Structure formats: C-alpha cells, structure tokens
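What follows is the content of upload.txt, which has compact mmCIF, C-alpha atoms:
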# COMPACT_ATOMS: atom_id res chain seq x y z
CA MET A 23 135.50 104.75 110.91
CA LYS A 24 132.35 106.88 111.10
CA PRO A 25 132.62 109.63 113.73
CA THR A 26 130.03 109.50 116.49
CA PRO A 27 127.49 112.35 116.88
CA LEU A 28 129.38 113.32 120.03
CA ALA A 29 132.69 113.62 118.15
CA LEU A 30 130.97 115.69 115.45
CA GLU A 31 129.41 117.97 118.04
CA LYS A 32 132.84 118.52 119.57
CA ILE A 33 134.59 119.44 116.35
CA TRP A 34 131.97 120.94 114.04
CA PRO A 35 132.68 124.62 114.95
CA TYR A 36 136.37 124.07 114.13
CA LEU A 37 135.57 122.34 110.85
CA ALA A 38 132.94 124.92 109.91
CA ALA A 39 135.40 127.73 110.72
CA ALA A 40 138.02 126.05 108.52
CA LEU A 41 135.45 125.80 105.71
CA GLY A 42 134.54 129.47 106.21
CA LEU A 43 138.22 130.38 106.01
CA ALA A 44 138.61 128.33 102.82
CA GLY A 45 135.52 130.02 101.35
CA TRP A 46 136.90 133.46 102.20
CA TRP A 47 140.21 132.48 100.63
CA TYR A 48 138.86 130.97 97.39
CA LEU A 49 135.51 132.66 96.83
CA GLY A 50 136.07 135.96 98.64
CA GLU A 51 139.56 136.31 97.19
CA MET A 52 140.92 137.19 100.64
CA ARG A 53 139.17 140.53 100.71
CA PHE A 54 140.12 142.56 103.77
CA PRO A 55 139.89 146.33 104.39
CA GLU A 56 143.10 148.22 103.58
CA ALA A 57 142.72 150.24 106.80
CA PRO A 58 140.62 147.99 109.08
CA ASP A 59 140.47 150.26 112.16
CA ASN A 60 136.69 150.74 112.01
CA LEU A 61 136.11 147.03 111.42
CA LEU A 62 138.33 146.11 114.38
CA ALA A 63 136.59 148.58 116.66
CA ALA A 64 133.18 147.23 115.69
CA THR A 65 134.51 143.68 116.18
CA GLY A 66 135.58 144.54 119.72
CA ASN A 67 132.07 145.72 120.59
CA THR A 68 130.39 142.70 118.99
CA VAL A 69 132.69 140.15 120.65
CA ALA A 70 132.21 141.85 124.01
CA VAL A 71 128.46 141.28 123.64
CA LEU A 72 128.91 137.59 122.62
CA VAL A 73 131.36 136.82 125.42
CA GLY A 74 129.18 138.70 127.89
CA PHE A 75 126.16 136.62 126.80
CA LEU A 76 128.11 133.37 127.23
CA ALA A 77 129.36 134.38 130.69
CA ALA A 78 125.82 135.34 131.74
CA SER A 79 124.48 132.06 130.27
CA LYS A 80 126.98 130.09 132.31
CA ALA A 81 125.64 131.83 135.41
CA ILE A 82 122.10 130.81 134.33
CA VAL A 83 123.20 127.19 133.98
CA LEU A 84 124.82 127.27 137.42
CA SER A 85 121.58 128.63 138.85
CA ILE A 86 119.70 125.54 137.55
CA SER A 87 122.35 123.09 138.74
CA GLU A 88 119.89 121.59 141.22
CA SER A 89 117.20 120.98 138.62
CA ARG A 90 116.33 117.38 137.71
CA VAL A 91 117.54 117.72 134.16
CA PHE A 92 120.91 119.06 135.24
CA GLU A 93 121.22 116.37 137.91
CA ARG A 94 120.63 113.80 135.14
CA LEU A 95 123.26 115.38 132.89
CA LYS A 96 125.70 115.45 135.78
CA ALA A 97 125.08 111.79 136.65
CA ALA A 98 125.62 110.87 133.01
CA GLY A 99 128.86 112.88 132.80
CA TYR A 100 127.50 115.44 130.30
CA ASN A 101 127.93 118.47 132.58
CA ASP A 102 131.70 118.57 131.93
CA LEU A 103 130.97 118.61 128.22
CA LEU A 104 128.50 121.47 128.60
CA PHE A 105 131.03 123.56 130.51
CA ALA A 106 133.74 122.67 127.99
CA TYR A 107 131.52 124.12 125.25
CA PHE A 108 131.05 127.28 127.31
CA TYR A 109 134.80 127.50 127.88
CA GLN A 110 135.54 127.06 124.18
CA GLY A 111 132.94 129.68 123.25
CA ILE A 112 134.36 132.22 125.68
CA ALA A 113 138.00 131.37 124.84
CA ALA A 114 137.35 131.69 121.08
CA GLY A 115 135.62 135.03 121.66
CA ILE A 116 138.47 136.38 123.78
CA ALA A 117 141.04 135.16 121.26
CA PHE A 118 139.07 136.96 118.54
CA LEU A 119 138.96 140.09 120.69
CA ALA A 120 142.72 139.88 121.34
CA ILE A 121 143.58 139.50 117.64
CA SER A 122 141.29 142.44 116.85
CA ILE A 123 143.04 144.67 119.42
CA PHE A 124 146.40 143.52 118.07
CA GLY A 125 145.24 144.70 114.65
CA PHE A 126 145.33 148.32 115.80
CA PHE A 127 149.13 148.08 115.73
CA TYR A 128 148.79 147.98 111.94
CA SER A 129 146.81 151.21 112.09
CA ASN A 130 146.31 152.90 108.70
CA LYS A 131 148.08 150.17 106.74
CA ALA A 132 147.13 146.77 105.36
CA PRO A 133 147.83 143.93 107.85
CA PRO A 134 149.96 140.93 106.74
CA ASP A 135 148.31 137.78 105.34
CA TRP A 136 148.89 135.68 108.49
CA TYR A 137 146.93 138.27 110.44
CA LYS A 138 144.04 138.22 107.95
CA PHE A 139 143.90 134.39 108.06
CA THR A 140 143.92 134.31 111.85
CA TRP A 141 141.33 137.07 112.12
CA VAL A 142 138.92 135.43 109.67
CA TYR A 143 139.34 131.95 111.23
CA LEU A 144 138.74 133.28 114.74
CA ALA A 145 135.74 135.29 113.52
CA PHE A 146 134.11 132.13 112.17
CA LEU A 147 135.20 130.03 115.15
CA SER A 148 133.86 132.40 117.80
CA PHE A 149 130.57 132.67 115.90
CA PHE A 150 130.12 128.89 115.52
CA CYS A 151 131.17 128.16 119.12
CA PHE A 152 128.61 130.74 120.20
CA ILE A 153 125.91 129.10 118.04
CA ARG A 154 126.72 125.68 119.52
CA VAL A 155 126.31 126.91 123.08
CA VAL A 156 123.13 128.88 122.35
CA LYS A 157 121.53 125.90 120.61
CA ILE A 158 122.28 123.59 123.54
CA LEU A 159 121.32 126.18 126.12
CA PHE A 160 117.87 126.69 124.64
CA LYS A 161 117.32 122.92 124.50
CA LEU A 162 118.41 122.63 128.13
CA LEU A 163 116.12 125.42 129.31
CA ARG A 164 113.10 123.68 127.77
CA TRP A 165 113.38 120.98 130.45
CA VAL A 166 113.82 123.26 133.48
CA MET B 6 119.58 82.89 136.21
CA LYS B 7 116.62 83.91 134.08
CA ILE B 8 116.55 82.51 130.54
CA LEU B 9 114.34 83.67 127.67
CA ALA B 10 113.53 82.13 124.29
CA TYR B 11 113.48 83.91 120.93
CA ARG B 12 113.16 82.89 117.30
CA VAL B 13 115.81 84.17 114.89
CA HIS B 14 114.77 85.42 111.45
CA GLN B 15 117.64 85.70 109.00
CA HIS B 16 117.35 88.89 106.94
CA GLY B 17 120.27 88.45 104.56
CA ASP B 18 122.30 85.61 103.10
CA VAL B 19 124.49 85.06 106.16
CA THR B 20 123.37 82.65 108.85
CA PHE B 21 123.63 83.45 112.55
CA PRO B 22 126.46 80.93 113.15
CA GLU B 23 128.32 82.07 110.01
CA LEU B 24 128.33 85.70 111.19
CA LEU B 25 129.47 84.74 114.70
CA SER B 26 132.17 82.52 113.24
CA ALA B 27 133.44 85.36 111.02
CA LEU B 28 133.44 87.72 114.01
CA SER B 29 135.30 85.24 116.17
CA ASN B 30 138.12 85.15 113.61
CA LEU B 31 138.78 88.86 114.19
CA PRO B 32 141.18 89.97 116.93
CA ILE B 33 139.12 90.79 120.02
CA ALA B 34 139.87 94.53 119.82
CA GLU B 35 138.44 94.65 116.29
CA ARG B 36 135.10 93.10 117.20
CA VAL B 37 133.64 96.45 118.29
CA PHE B 38 131.56 98.63 115.95
CA GLU B 39 130.46 102.23 116.18
CA GLY B 40 126.77 103.03 116.38
CA LYS B 41 123.92 101.84 118.52
CA ALA B 42 125.88 98.86 119.83
CA SER B 43 129.13 100.75 120.43
CA GLY B 44 131.29 99.04 123.06
CA LEU B 45 129.64 95.64 122.66
CA ARG B 46 131.69 92.75 121.34
CA LEU B 47 131.52 89.03 120.73
CA GLU B 48 133.53 87.60 123.59
CA ASP B 49 133.46 83.89 122.90
CA PHE B 50 132.00 81.48 120.35
CA ARG B 51 131.71 77.71 120.08
CA ASP B 52 130.02 75.82 117.27
CA GLU B 53 128.94 72.28 118.22
CA GLY B 54 126.79 71.39 115.23
CA ASP B 55 123.15 71.83 116.24
CA HIS B 56 124.15 73.97 119.18
CA VAL B 57 126.06 77.22 118.80
CA TYR B 58 127.16 78.98 121.99
CA ALA B 59 128.31 82.58 122.29
CA ASP B 60 129.02 85.21 124.90
CA PHE B 61 128.59 88.94 124.27
CA ALA B 62 130.35 91.37 126.57
CA VAL B 63 130.35 95.05 127.33
CA LYS B 64 132.25 97.31 129.70
CA ARG B 65 130.35 98.45 132.75
CA PHE B 66 130.18 102.22 133.18
CA GLY B 67 129.36 104.32 136.19
CA HIS B 68 129.24 103.08 139.77
CA GLY B 69 130.75 99.61 140.03
CA PRO B 70 130.64 96.79 142.58
CA GLY B 71 132.84 96.58 145.68
CA ARG B 72 133.83 93.83 148.09
CA ILE B 73 131.90 93.57 151.35
CA SER B 74 131.58 91.15 154.26
CA ASP B 75 129.58 90.94 157.51
CA ASN B 76 132.37 92.55 159.54
CA GLU B 77 134.00 94.79 156.94
CA ARG B 78 132.86 97.96 155.22
CA ILE B 79 132.49 97.88 151.48
CA ALA B 80 135.86 98.36 149.76
CA GLU B 81 136.99 99.03 146.24
CA ILE B 82 138.08 96.29 143.90
CA ALA B 83 141.25 97.70 142.40
CA LEU B 84 141.42 97.83 138.61
CA ALA B 85 144.59 98.31 136.59
CA PRO B 86 144.75 101.24 134.12
CA GLY B 87 142.79 100.37 130.99
CA GLU B 88 140.62 97.83 132.81
CA SER B 89 136.89 98.13 133.52
CA PHE B 90 134.28 95.95 135.07
CA GLY B 91 132.62 93.89 132.38
CA GLU B 92 129.24 92.22 131.93
CA ASP B 93 128.51 89.28 129.69
CA THR B 94 125.40 87.64 128.30
CA GLY B 95 125.41 84.06 127.06
CA VAL B 96 123.28 82.86 124.16
CA LEU B 97 122.63 79.45 122.66
CA PHE B 98 121.49 79.15 119.05
CA HIS B 99 119.69 75.93 118.12
CA ARG B 100 120.17 75.31 114.38
CA PRO B 101 117.24 72.94 113.68
CA THR B 102 114.62 75.29 115.18
CA ALA B 103 116.44 78.64 114.62
CA SER B 104 115.71 79.45 118.25
CA LEU B 105 117.95 81.59 120.41
CA ILE B 106 118.08 80.90 124.13
CA VAL B 107 119.27 84.02 125.91
CA GLN B 108 120.58 84.57 129.41
CA TYR B 109 118.87 87.62 130.95
CA ASN B 110 121.51 89.95 132.36
CA HIS B 111 119.91 93.17 133.58
CA VAL B 112 123.13 95.20 133.51
CA GLY B 113 124.79 93.32 130.64
CA PRO B 114 124.20 93.23 126.89
CA ARG B 115 120.48 92.92 126.10
CA LEU B 116 118.96 91.40 123.02
CA THR B 117 118.11 94.67 121.23
CA ARG B 118 121.70 95.84 121.52
CA ILE B 119 122.98 92.45 120.38
CA GLN B 120 120.69 92.78 117.34
CA HIS B 121 122.18 96.21 116.53
CA TYR B 122 125.65 94.73 116.99
CA LEU B 123 125.00 91.87 114.58
CA TYR B 124 123.54 94.31 112.06
CA ALA B 125 126.69 96.45 112.22
CA ALA B 126 128.89 93.35 112.00
CA HIS B 127 126.97 92.08 108.95
CA LEU B 128 127.33 95.48 107.23
CA GLN B 129 131.06 95.48 107.90
CA ALA B 130 131.45 91.88 106.72
CA ASP B 131 129.78 92.99 103.48
CA GLY B 132 132.28 95.84 103.12
CA ARG B 133 129.72 98.55 103.86
CA ARG B 134 130.26 101.42 106.25
CA ARG B 135 126.67 102.57 106.52
CA LYS B 136 123.16 101.21 106.20
CA PRO B 137 122.01 101.15 102.56
CA ARG B 138 118.88 103.13 101.83
CA GLY B 139 115.53 101.52 101.14
CA ALA B 140 114.89 97.80 100.95
CA ALA B 141 118.62 96.99 100.65
CA GLY B 142 119.01 98.12 104.26
CA GLN B 143 116.65 95.36 105.37
CA ALA B 144 118.95 92.64 104.00
CA TYR B 145 121.29 92.69 106.98
CA GLY B 146 121.23 91.37 110.51
CA PHE B 147 118.56 89.28 112.14
CA GLY B 148 115.06 89.74 113.48
CA MET B 149 114.41 88.21 116.87
CA GLY B 150 110.89 87.60 118.04
CA ALA B 151 109.98 86.29 121.46
CA ILE B 152 108.67 82.75 121.60
CA LEU B 153 105.42 82.74 123.53
CA LYS B 154 104.06 79.87 125.58
CA PRO B 155 101.95 77.60 123.31
CA GLY B 156 98.75 78.48 125.18
CA ALA B 157 99.32 82.20 124.63
CA VAL B 158 99.93 81.79 120.91
CA GLN B 159 96.69 79.83 120.65
CA LYS B 160 94.81 82.50 122.63
CA ILE B 161 96.00 85.24 120.27
CA ARG B 162 95.18 83.09 117.24
CA ASP B 163 91.74 82.48 118.69
CA MET B 164 91.17 86.19 119.08
CA GLY B 165 89.34 86.71 115.86
CA LEU B 166 88.58 90.27 116.96
CA VAL B 167 91.54 92.09 118.55
CA ARG B 168 89.96 95.15 120.15
CA GLU B 169 92.78 96.78 122.05
CA PHE B 170 96.55 96.67 122.27
CA GLU B 171 98.25 98.61 125.03
CA PHE B 172 101.86 98.75 126.08
CA GLU B 173 104.07 100.74 128.41
CA ILE B 174 107.74 101.48 127.79
CA ALA B 175 110.33 102.65 130.30
CA MET B 176 112.16 105.80 129.22
CA PRO B 177 115.05 106.02 131.66
CA GLY B 178 116.50 109.23 130.21
CA VAL B 179 120.14 110.03 129.80
CA GLY B 180 122.76 107.76 131.33
CA ARG B 181 126.50 107.14 131.29
CA ALA B 182 126.06 104.62 128.52
CA ASP B 183 124.91 107.48 126.24
CA LEU B 184 128.24 109.24 126.64
CA ALA B 185 130.11 106.02 126.01
CA ALA B 186 127.96 105.34 122.95
CA GLY B 187 128.89 108.74 121.54
CA ARG B 188 125.49 110.46 121.78
CA SER B 189 125.87 114.20 121.49
CA LEU B 190 124.72 116.58 124.21
CA SER B 191 122.32 118.15 121.75
CA ALA B 192 120.75 114.75 120.93
CA VAL B 193 120.51 113.85 124.60
CA LEU B 194 118.63 117.08 125.29
CA ASP B 195 116.05 116.15 122.64
CA ALA B 196 114.91 113.27 124.84
CA PRO B 197 112.59 113.86 127.77
CA LEU B 198 115.00 113.87 130.65
CA PRO B 199 113.05 114.72 133.78
CA ASP B 200 112.08 111.95 136.18
CA GLY B 201 108.41 112.77 135.63
CA ILE B 202 108.44 111.23 132.15
CA GLU B 203 109.95 107.86 132.82
CA ARG B 204 107.23 105.78 131.24
CA LEU B 205 105.33 106.07 128.02
CA ARG B 206 101.99 104.30 127.71
CA ILE B 207 100.45 103.79 124.30
CA ALA B 208 97.06 102.27 123.66
CA MET B 209 95.64 101.35 120.27
CA VAL B 210 91.94 100.75 120.43
CA ALA B 211 89.50 99.74 117.71
CA ASN B 212 86.59 102.14 117.24
CA SER B 213 83.59 101.90 119.51
CA SER B 214 81.20 99.87 117.34
CA ARG B 215 80.83 96.36 118.74
CA ASP B 216 82.10 94.40 115.73
CA SER B 217 85.08 96.64 114.93
CA HIS B 218 88.56 95.18 115.41
CA MET B 219 92.23 95.79 114.66
CA ASP B 220 94.25 94.08 111.96
CA ARG B 221 95.60 90.98 113.69
CA ASN B 222 98.76 90.73 111.56
CA ALA B 223 99.67 94.32 112.44
CA VAL B 224 99.13 93.56 116.12
CA MET B 225 101.33 90.44 115.86
CA GLY B 226 104.05 92.62 114.29
CA PHE B 227 103.85 95.04 117.23
CA ILE B 228 103.97 92.12 119.66
CA ASN B 229 107.15 90.72 118.10
CA ASP B 230 108.86 94.12 118.11
CA LEU B 231 107.91 94.76 121.71
CA LEU B 232 109.01 91.38 122.96
CA ALA B 233 112.36 91.75 121.21
CA ALA B 234 112.87 94.90 123.27
CA ARG B 235 111.44 93.32 126.38
CA GLN B 236 113.90 95.00 128.75
CA ILE B 237 112.29 98.40 128.23
CA VAL B 238 108.73 97.13 128.07
CA GLN B 239 106.93 97.46 131.38
CA SER B 240 103.65 95.97 130.27
CA ALA B 241 101.95 94.81 127.07
CA ASN B 242 98.36 93.66 126.93
CA VAL B 243 96.13 92.45 124.14
CA LYS B 244 92.34 92.48 124.53
CA GLY B 245 90.04 90.73 122.15
CA ARG B 246 87.47 88.02 121.73
CA GLU B 247 87.01 84.93 119.63
CA PHE B 248 83.79 86.06 117.95
CA ASP B 249 81.37 88.91 118.21
CA LEU B 250 79.32 87.81 121.20
CA ALA B 251 82.11 85.99 123.08
CA LYS B 252 83.62 87.20 126.35
CA THR B 253 86.53 89.64 126.00
CA GLU B 254 89.89 88.16 127.06
CA ASP B 255 92.80 90.19 128.42
CA LEU B 256 96.24 88.71 127.74
CA SER B 257 99.42 89.99 129.37
CA LEU B 258 102.22 89.25 126.91
CA LEU B 259 105.09 89.65 129.37
CA ASP B 260 103.62 86.85 131.46
CA GLU B 261 103.35 84.70 128.35
CA GLN B 262 106.91 84.77 126.99
CA LEU B 263 108.70 81.47 127.27
CA ASP B 264 111.12 81.85 130.16
CA ILE B 265 112.62 79.86 133.01
CA GLU B 266 114.59 80.60 136.16
CA LEU B 267 117.50 78.21 136.80
CA GLU B 268 119.98 78.12 139.64
CA VAL B 269 123.57 78.71 138.51
CA ARG B 270 126.54 78.37 140.81
CA VAL B 271 128.42 81.61 141.48
CA GLY B 272 132.20 81.24 141.64
CA ALA B 273 134.82 82.80 143.91
CA GLY B 274 134.88 85.99 141.82
CA GLY B 275 131.13 86.46 142.33
CA ARG B 276 130.47 85.43 138.76
CA ALA B 277 128.73 82.48 137.16
CA ALA B 278 131.29 80.54 135.13
CA GLN B 279 130.79 80.41 131.37
CA ALA B 280 130.49 76.60 131.40
CA ASP B 281 127.70 76.79 134.02
CA ARG B 282 125.81 79.55 132.19
CA TRP B 283 126.02 77.73 128.86
CA ARG B 284 124.95 74.47 130.55
CA ALA B 285 121.91 76.26 132.01
CA LEU B 286 120.99 77.50 128.51
CA GLN B 287 121.28 73.93 127.25
CA VAL B 288 119.08 72.60 130.09
CA ALA B 289 116.42 75.25 129.33
CA LEU B 290 116.47 74.44 125.62
CA ASP B 291 116.26 70.68 126.21
CA GLY B 292 113.26 71.17 128.50
CA TRP B 293 111.40 73.34 125.99
CA LEU B 294 112.18 70.96 123.11
CA GLN B 295 110.95 68.03 125.18
CA ASN B 296 107.70 69.80 126.15
CA GLY B 297 107.09 70.90 122.60
CA ASP B 298 107.23 74.58 123.64
CA ILE B 299 109.89 75.04 120.95
CA ALA B 300 109.44 73.14 117.72
As structure tokens, the full file:
Amino acid sequence: MKPTPLALEKIWPYLAAALGLAGWWYLGEMRFPEAPDNLLAATGNTVAVLVGFLAASKAIVLSISESRVFERLKAAGYNDLLFAYFYQGIAAGIAFLAISIFGFFYSNKAPPDWYKFTWVYLAFLSFFCFIRVVKILFKLLRWV
Amino acid sequence: MKILAYRVHQHGDVTFPELLSALSNLPIAERVFEGKASGLRLEDFRDEGDHVYADFAVKRFGHGPGRISDNERIAEIALAPGESFGEDTGVLFHRPTASLIVQYNHVGPRLTRIQHYLYAAHLQADGRRRKPRGAAGQAYGFGMGAILKPGAVQKIRDMGLVREFEFEIAMPGVGRADLAAGRSLSAVLDAPLPDGIERLRIAMVANSSRDSHMDRNAVMGFINDLLAARQIVQSANVKGREFDLAKTEDLSLLDEQLDIELEVRVGAGGRAAQADRWRALQVALDGWLQNGDIA
C-alpha cells in the first residue's frame, strides 16, 4: 500500500536519519574523532541554538493562533500535527544534546560503537526534524 | 432529492458495470483505496440488465448531526467505538445510453471523487499500484460529462463564434477531509487558506477584433470538465453568437444541466431508504428517456 503524503511527512526525518546513519557506516567507514571533546562541546552550542530557535518559533506560532490561517488549520485538525512536529524537533535536539554531554564521560578516549551510532543518528534526526519544522513554519507565515 | 444526469465515457477495456461488479465481490473493508478518493467505498451494487444501481459511501468527519425536538435541546447520537456517521450517494447506470443518473448529496460522495475512486479501483484490478506514465495512464477509469438540456446543446452548437468563457470555482481551503485523505501539512499550506480567497474566477476571452473567436472544441472540453466537477463550480458562462453580425448570447451552463428535484420519503432514522432513492433515480431516468432529453 502506497503511503500517504501525510504518513511520509511524519516519518521522513526518521528515514532520512537512518539513511544518513547507513551512509556514515558504509561510506564514511564509521569515522569518529578519537578524542571527541571539542566536537561534543561545539555540538552542545549548535544544538542549543537549534532548540532555542524551535522554542522561539513555537512562541511565534502561538502568537498567530487567532489568525485566519491558524483557525483553519485548527478546525481541520492540523494544529496538533504542527505542535507534534515542534515537539519532535525539540525532543530530538535535547536528546542529541544529552548524548553529547554524556560523551564527556569518555573524555580523552574513543567512545564505544553504540555511542557513535546513537550520536550520529541523533545528529541527523535533530537536523532533519529542524528542517521539517522550518519548512512548514515559513509556509505558514506566508499566509499570516 | 436533487438528481443530475451525466454521460459515461469508458477509457479502458473495462465497462462501468464490470468494474462495479468486480468491486462488489471484494470484502467491504477491501473496497477502499488510497489517494484522492481515500475513505470512499462501493457500498452496494445491483445489476438488473439495462439498469445498474450502486451506492457509494464515505465516513462523515467533523461536526456531526444530533437529535432535536420542539421541546428538547439538541442531544448527541451515541456511536459505538469504531463507528462514524456515514453519507451515501446513489447512482443508476443505464447501459443502452451509457448515462449515469446521480443523486446529489452535498455532504456525501460527489461525482469527481467517485471518478477518482473508480480510477484507483481500475488500476488495482489491473494489478497496478500507481498511475502509468503518459498515454497508458489515460486507459483507466471513466470520463463523466454532464448532459445538458437539449436546448442548451443546440445553443452552444449554434454559437459559431464563441467569444468568451468564464467560470468561477469555490476554493474552500483546508478541511477535516484533507487530514483523513492523508494530505500533508506542508501540502495543505501550499493552498491559499485564508477566507479572502475562497473563489477563483477565470475568464477566457477572444481578442478584441469583431470576428475573432475561441476554438469551440476546446471550449466544449472545458465545459465537460467543469460540469463533471459541478460541486465546486459556482458559475460557468459561455458568450458567443451564431454569425458575425448576430446578437451575442449569454448562456449559463449550471442552469442548463439536466437535473430534477424529486420528493423522497425520509425514514425514522432521518434517512432516505435505498429503495426510495434508487426508485427516484429510475423515475428521473424514465422521464428523461421519454422526453428525449437522454438518447
């Protein structure tokens, strides 16, 4: 059975992240810094910016909740979906932040493979979830 | 009950009754197809030789009906888990004339959606999961053009010079049906949502020189497409004249489609029984055949 565009929109960040992980595994030969402290610190800063943007964007959406376009989305049941995408974007970002902080416990030594897999998957996932929200947000703001 | 008349054009090698018959042999839960007609299904089918009856049904989404009386406030009609309110549309196919007599149900399945449904069903019956590219994709489903009143057809034929064709389409924006049909949020936001853009008016006008005119066959194609999607068409007008110096005539197509309003008894459940709806379709068809409106 062919998936609907809605089903694809719901799962594409997860599928794309899995593909990214597979690409890193096969094509990138699982490259990961031997002592990733600097990478993890930079990751923390980057994720903080992404999560902060998503949280601020959610506030923007709430501020237009009385606009006609948002009223229409709400009447059609799409507002729950929009907030679910925000939630997933923020949750993926925080999970990525948490795994990066956890990485400091392996300070000055190579982390185990399960950690590398999780870190790379969450890196892709938080990026794609962020892209999904930004794309929809900019479309939404065109009609306000 | 309002009843409308259409002519069915078979695109592939399967006839309208054959496709309905094949669908009716499937279990009811398997008569639903993804895509533009998601949620729609063939509910019932009866082949009586020249006359083929069918009902198409769809679940009703959003705010539903309640029970009300003069002395009581409106109250909910309780539904069991897994149940929904449903809407059905009856059709009668007349084999000798390939005409389709359709019950108009404003909140139920409309003809355009039924067309999409039959297209998807035909693809599936042929073992295909998606529409083939190019001309092969045109070999499925059915075209359905509105049957106009004989006078209107003659008027358009007489219009040697079609000068202007104008139509207006309702664009209701996003609704609950979009979510049920699986439209993505991103796709929904591509459409003009605000209330200010609810109607789109398009006018095609021949250039200003007196003897210029539009291609009549192209205009007839537009007319057929528009009348097949009548539920979203707010107005459609053709202006033209018989010959260069004749008076320009203005024809409203929506007023010219063959239709009839018949009384149908509503039962205890507030619904018109299938037998009564199908009988009304039969009465409408018999009248039009007798008058020569359908031949």
### Task
Quick one: everything within 10 Å of range 284-294 of chain B, counting only C-alpha atoms, minus sequence neighbours fewer than 2 positions away in the same chain. Send it as a PyMOL selection string.
chain B and resi 6-10+56+58+95-99+102+104-108+154+263-269+278-282+296-300
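Among the candidates A:Lys138, A:Ile116, A:Ala44, A:Phe54, the one nearest to Val71 in chain A when counting only C-alpha atoms is A:Ile116.
Shell of range 140-147 of chain A at 9 Å, with all atoms listed in the file counted and residues fewer than 5 places along the chain excluded, is Pro35, Tyr36, Leu37, Ala38, Ala39, Ala40, Gly42, Leu43, Trp46, Thr65, Gly111, Ala114, Gly115, Ala117, Phe118, Ile121, Ser122, Gly125, Asp135 and Phe152 of chain A.
The residues of chain A lying at most 6 Å from chain B, with all atoms listed in the file taken into account, are Thr26, Pro27, Leu28, Arg90, Val91, Ala98 and Ile158 of chain A.
Here CA of Phe105 in chain A stands at a distance of 11.0 Å from CA of Ala81 in chain A.
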### Message
What's the separation between CA of Leu128 in chain B and CA of Ser89 in chain B, in Å to one decimal place?
### Response
28.1 Å
#### Entry: Selection as number ranges by chain: residues within 6 Å of (130.6, 92.1, 127.9), counting all atoms listed in the file
B: 61-64, 91-93
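Straight-line separation from CA of Gly99 in chain A to CA of Arg46 in chain B: 23.3 Å.
Taking only C-alpha atoms into account, Ser213 in chain B lies nearest to B:Arg168 out of the set B:Arg246, B:His111, B:Arg100, B:Arg168.
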Would you list the residues near (109.7, 90.8, 118.3), meaning any protein, DNA or RNA residue with an atom at most 10 Å from that point in file coordinates, counting all atoms listed in the file, as a PDB file with C-alpha atoms, in the coordinates of the input?
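Result file follows (out_32.pdb):
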ATOM      1  CA  TYR B  11     113.480  83.910 120.930  1.00  0.00           C
ATOM      2  CA  ARG B  12     113.160  82.890 117.300  1.00  0.00           C
ATOM      3  CA  VAL B  13     115.810  84.170 114.890  1.00  0.00           C
ATOM      4  CA  THR B 117     118.110  94.670 121.230  1.00  0.00           C
ATOM      5  CA  GLY B 148     115.060  89.740 113.480  1.00  0.00           C
ATOM      6  CA  MET B 149     114.410  88.210 116.870  1.00  0.00           C
ATOM      7  CA  GLY B 150     110.890  87.600 118.040  1.00  0.00           C
ATOM      8  CA  ALA B 151     109.980  86.290 121.460  1.00  0.00           C
ATOM      9  CA  ILE B 152     108.670  82.750 121.600  1.00  0.00           C
ATOM     10  CA  MET B 225     101.330  90.440 115.860  1.00  0.00           C
ATOM     11  CA  GLY B 226     104.050  92.620 114.290  1.00  0.00           C
ATOM     12  CA  PHE B 227     103.850  95.040 117.230  1.00  0.00           C
ATOM     13  CA  ILE B 228     103.970  92.120 119.660  1.00  0.00           C
ATOM     14  CA  ASN B 229     107.150  90.720 118.100  1.00  0.00           C
ATOM     15  CA  ASP B 230     108.860  94.120 118.110  1.00  0.00           C
ATOM     16  CA  LEU B 231     107.910  94.760 121.710  1.00  0.00           C
ATOM     17  CA  LEU B 232     109.010  91.380 122.960  1.00  0.00           C
ATOM     18  CA  ALA B 233     112.360  91.750 121.210  1.00  0.00           C
ATOM     19  CA  ALA B 234     112.870  94.900 123.270  1.00  0.00           C
ATOM     20  CA  ARG B 235     111.440  93.320 126.380  1.00  0.00           C
TER      21      ARG B 235
END
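Among the candidates A:Leu84, A:Ala113, A:Ala120, A:Ala57, the one nearest to Asn101 in chain A when counting all atoms listed in the file is A:Leu84.
For the choices A:Val155, A:Tyr128, A:Phe75, A:Leu49, the atom-to-atom distance to Leu104 in chain A is smallest for A:Val155 when using all atoms listed in the file.
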